[in-house]
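Novice: Next up is a structure, given as structure tokens.
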Amino acid sequence: MPAITIVTVSTGDTSLLTQGAIQALVHAPLLVLRTGRHPISDWLTAHALSYETFDSLYDASEDFDTFNRKAAKRLLALSQQADVVYAVSDATMDSTISTLRKTIPADTTLSFLPGVSHADRCLALLDVSANGLRQYAAEEFRSARVAPGEPLLLCEMHSRECASECKLRLMRLLPDETELFFFSGDENGSITSVKLPLYTLDRQPLYNHLTSCFVPAVDQLQRTRYDMDDLIAVMTRLRAPDGCPWDKEQSHESLLTNLLEESYEFIGAVRDGDTAHMYDELGDVLLQVVFHAEIARQHGDFDIDDVTTAITGKMIERHPHIFGTVKADTSAQVLDNWDAIKRSQRGIRSVAEAMDDVSTGLSATMRADKIQHKAAKIGFDFPDAISALSKVHEEADEVLECLTLKENPEMELGDLFFSVVNVCRLCKKNPDIALFSATNKFVDRFRKMEKSVEKAGKSIGDLTLSEMDVYWEAEKQARPSSEG
């Protein structure tokens with residue numbers, strides 16, 4: 001059976017080799033070094049030990065992904081000839097090994113001999129705590145999540161470009177002046193460390209496979225940018241026994257209005273095209289989610305991880321055309337698949353049961369819209385919006401009749417609303433958003449009317465309805481005709 005043994009030979013001279021590593025190198029049937037630009041290459045030559053390197057593969061590769069694939073392929077090919085010992089500076093950080101793990105066949109044995117890692121060498125030079133350390137090869141960190149509350153070690157910062165990309169990721173959450181430790185190495189494998197501010201990470205004179213940096217954990221209150229963990233930590237603090245009195249008093253029920261209001265404020269920002277307020281209002285919506293999750297955690301019901309687990313699992317499950325083998329080339333097919341999965345999961349067998357499944361927690365107009373969609377799927381629908389509008393007129397006449405006869409108009413008013421929702425749906429407009437926008441327009445127009453009255457030296461409270469109508473119509477005529 002083919003076998004590949006990975007040996008960590010560190011980044012320094014032979015004094016850092018373990019006895020196991022020395023034995024593996026000396027007795028290797030076929031020895032491969034990731035790079036010959038390493039202090040042990042001279043030692044191997046002095047002991048007449050032959051070896052192959054991947055330096056030519058590296059020089060011929062356009063990027064690291066290509067090099068990693070070529071290196072893994074070469075190792076597998078060599079293992080068919082003899083057992084391979086593959087020497088790398090740090091097996092835990094080496095990207096060729098990550099690729100090898102993903103491609104190694106079942107009949108090939110992969111084993112490891114640990115040693116003094118480059119990370120160990122760097123950390124030994126620090127005079128700060130590295131508890132909870134996260135480690136990345138710099139190339140991999142370029143797409144990794146920044147967690148500023150935890151110390152971080154980045155190794156193999158091989159180029160200025162790589163350092164620049166790492167710097168930009170770090171600066172998304174850390175202050176530009178954050179002090180970090182920068183490690184440099186020479187051709188003999190010696191390492192030196194200096195402190196420097198984050199913004200200079202890509203302004204150093206030399207970058208190679210030994211270049212690394214350590215970023216200490218930065219306290220939340222020392223930062224001006226935050227991530228999801230920070231928000232959760234803030235909410236936990238606010239709900240703590242010695243936290244904020246108001247936040248501690250809230251319940252799921254008391255916060256429902258806040259969730260609804262914040263959602264509508266985000267909708268307003270979107271419709272206004274106000275990007276700055278969009279992320280601000282979306283943050284308010286997110287706060288409500290975290291708030292409810294923290295209340296539930298304190299009651300032992302669920303926590304934020306249950307929330308993210310539920311929605312992530314649902315998205316994977318309901319997108320079988322992405323994460324499975326189901327085919328869906330159009331949005332309509334995606335929605336049909338989604339609906340079929342929901343029906344299957346909830347045991348829905350009829351259209352009426354599907355209507356019953358629509359949440360009663362929705363606003364009345366949204367619930368009506370969704371139920372009408374259920375009916376429309378089987379053809380129980382008006383042919384177009386104009387036809388549906390005739391039903392609005394019919395229902396309005398019935399409301400008028402109730403009012404004329406002094407009867408309770410509630411049911412007929414409900415029918416009128418239901419008919420208006422039908423028109424909105426067939427026009428592909430959300431009824432809640434339409435009403436929300438109309439209300440905003442009313443407030444804006446009323447404000448302008450009020451200012452016009454004040455400019456005329458009058459008080460709006462002293463005007464009759466007909467007098468106010470004059471100002472109202474004047475303001476209405478001043479607005480673009482599309483606003484109605």
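Every chain in the structure tokens takes a letter, A first, then B, and so on in the order presented; its residues are numbered from 1, and the ligands are numbered from 1 following the presented order.
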Mind dumping a table of every range 313-399 of chain A residue within 12 Å of range 255-274 of chain A, with the nearest atom pair and its distance in Å to one decimal, using only C-alpha atoms, sorted by chain and rising number, as a Markdown table?
Specialist:
```
| residue | atom | partner | partner_atom | distance |
| --- | --- | --- | --- | --- |
| A:Gly361 | CA | A:Leu256 | CA | 10.3 |
| A:Leu362 | CA | A:Leu260 | CA | 10.0 |
| A:Ser363 | CA | A:Leu260 | CA | 9.7 |
```
Novice: DSSP on the backbone: what in range 21-261 of chain A comes out helix (DSSP H, G or I), as a PyMOL selection string?
Specialist: chain A and resi 21-26+40-46+55-60+64-79+95-103+118-124+138-141+160-170+198-200+220-222+228-238+245-249+256-261
Novice: Using only C-alpha atoms, pick whichever of A:Ser251, A:Gln372, A:Thr330, A:Thr439 has the shortest atom-to-atom distance to Val358 in chain A.
Specialist: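 Answer, going by the shortest atom-to-atom distance: A:Gln372.
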Novice: Could you give me, as a PyMOL selection string, the residues within 10 Å of range 337-340 of chain A, counting only C-alpha atoms and dropping anything in the same chain fewer than 5 positions from it?
Specialist: chain A and resi 315+317-321+326-328+331-332+345+348+354
Novice: Just write the chosen residues, C-alpha atoms, as a JSON list (two decimals), in the first residue's frame.
Specialist:
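Resulting contents of part03.json:
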```json
[["chain", "number", "residue", "atom", "x", "y", "z"],
["A", 315, "MET", "CA", -31.77, 27.04, 3.34],
["A", 317, "GLU", "CA", -32.75, 21.68, 2.64],
["A", 318, "ARG", "CA", -34.90, 23.94, 0.49],
["A", 319, "HIS", "CA", -32.24, 24.52, -2.16],
["A", 320, "PRO", "CA", -31.75, 20.96, -3.41],
["A", 321, "HIS", "CA", -30.88, 22.40, -6.83],
["A", 326, "VAL", "CA", -32.75, 18.44, -8.04],
["A", 327, "LYS", "CA", -32.89, 20.57, -11.20],
["A", 328, "ALA", "CA", -34.23, 24.14, -11.20],
["A", 331, "SER", "CA", -37.09, 31.27, -10.28],
["A", 332, "ALA", "CA", -40.53, 29.72, -10.77],
["A", 345, "GLN", "CA", -42.57, 18.47, 5.70],
["A", 348, "ILE", "CA", -50.22, 19.49, 3.83],
["A", 354, "ALA", "CA", -52.01, 25.24, 2.83]]
```
Novice: Find, counting only C-alpha atoms, the residue in A:Val443, A:Leu426, A:Ala48, A:Leu174 that gets nearest to Trp472 in chain A.
Specialist: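 That would be A:Val443, the residue with the smallest distance to Trp472 in chain A.
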Novice: Given the choices A:Thr325, A:Asn408, A:Thr96, A:Gln250, which gets closest to Leu238 in chain A if the distance is worked out from only C-alpha atoms?
Specialist: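 Distance minimum relative to Leu238 in chain A lands on A:Gln250.
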Novice: Considering only C-alpha atoms, can you say which of A:Leu78, A:Leu16, A:Val470, A:Ala87 comes closest to Asp120 in chain A?
Specialist: A:Leu16
Novice: Provide the CA of Gly36 in chain A to CA of Thr53 in chain A distance in Å, to one decimal place.
Specialist: 5.8 Å
Novice: So that I can check the surroundings of range 294-300 of chain A, please list as a PyMOL selection string every protein, DNA and RNA residue that reaches within 9 Å of it, counting only C-alpha atoms and ignoring chain neighbours fewer than 4 positions away.
Specialist: chain A and resi 232+235-236+239+248+250-252+289-290+304
Novice: Do you know which residues are at most 12 Å from Leu221 in chain A counting only C-alpha atoms, after dropping those on the same chain fewer than 2 positions away, and could you put them as a PDB file with C-alpha atoms, in the first residue's frame?
Specialist:
```pdb
ATOM      1  CA  PRO A 148     -10.692  40.619  16.845  1.00  0.00           C
ATOM      2  CA  GLY A 149     -11.462  39.398  20.347  1.00  0.00           C
ATOM      3  CA  LEU A 174      -9.324  46.645  14.025  1.00  0.00           C
ATOM      4  CA  PRO A 175      -8.015  50.213  14.425  1.00  0.00           C
ATOM      5  CA  ALA A 217      -6.697  40.252  21.006  1.00  0.00           C
ATOM      6  CA  VAL A 218      -8.234  43.729  20.981  1.00  0.00           C
ATOM      7  CA  ASP A 219     -10.907  44.515  23.555  1.00  0.00           C
ATOM      8  CA  ARG A 223     -12.512  49.238  18.674  1.00  0.00           C
ATOM      9  CA  THR A 224     -14.892  51.268  16.532  1.00  0.00           C
ATOM     10  CA  ARG A 225     -16.045  48.418  14.261  1.00  0.00           C
ATOM     11  CA  TYR A 226     -17.799  45.280  15.466  1.00  0.00           C
ATOM     12  CA  ASP A 230     -19.715  41.767  19.610  1.00  0.00           C
ATOM     13  CA  ALA A 233     -21.790  40.098  23.833  1.00  0.00           C
ATOM     14  CA  VAL A 234     -23.379  43.538  24.214  1.00  0.00           C
TER      15      VAL A 234
END
```
Novice: Enter the distance from CA of Ser143 in chain A to CA of Cys162 in chain A, in Å, rounded to one decimal.
Specialist: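 Interatomic distance, CA of Ser143 in chain A to CA of Cys162 in chain A: 11.6 Å.
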Novice: Show which residues sit within 10 Å of Leu210 in chain A, as a list in words. Count only C-alpha atoms, and ignore same-chain residues fewer than 3 positions away.
Specialist: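 In the requested form, the answer reads Thr11, Gly12, Ser89, His118, Cys122, Cys155, Glu156, Met157, His158, Phe183, Ser184, Gly185, Asp186, Glu187, Gly189, Ser190, Ile191, Tyr207 and Cys213 of chain A.
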Novice: Excluding Ile104 in chain A and its own-chain neighbours fewer than 5 positions away, which residues fall within 12 Å of it when counting only C-alpha atoms? Please give them as a ChimeraX atom specification.
Specialist: /A:2-4,69,72-77,79,96-99,109-111
Novice: As a VMD selection string, please: all residues of range 207-285 of chain A that backbone DSSP puts in strand (DSSP E).
Specialist: chain A and resid 212 to 215
Novice: Which of these, A:Val351, A:Val392, A:Leu400, A:Met278, has the shortest distance to Ala375 in chain A once you count only C-alpha atoms?
Specialist: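 Result for the nearest residue to Ala375 in chain A: A:Val351.
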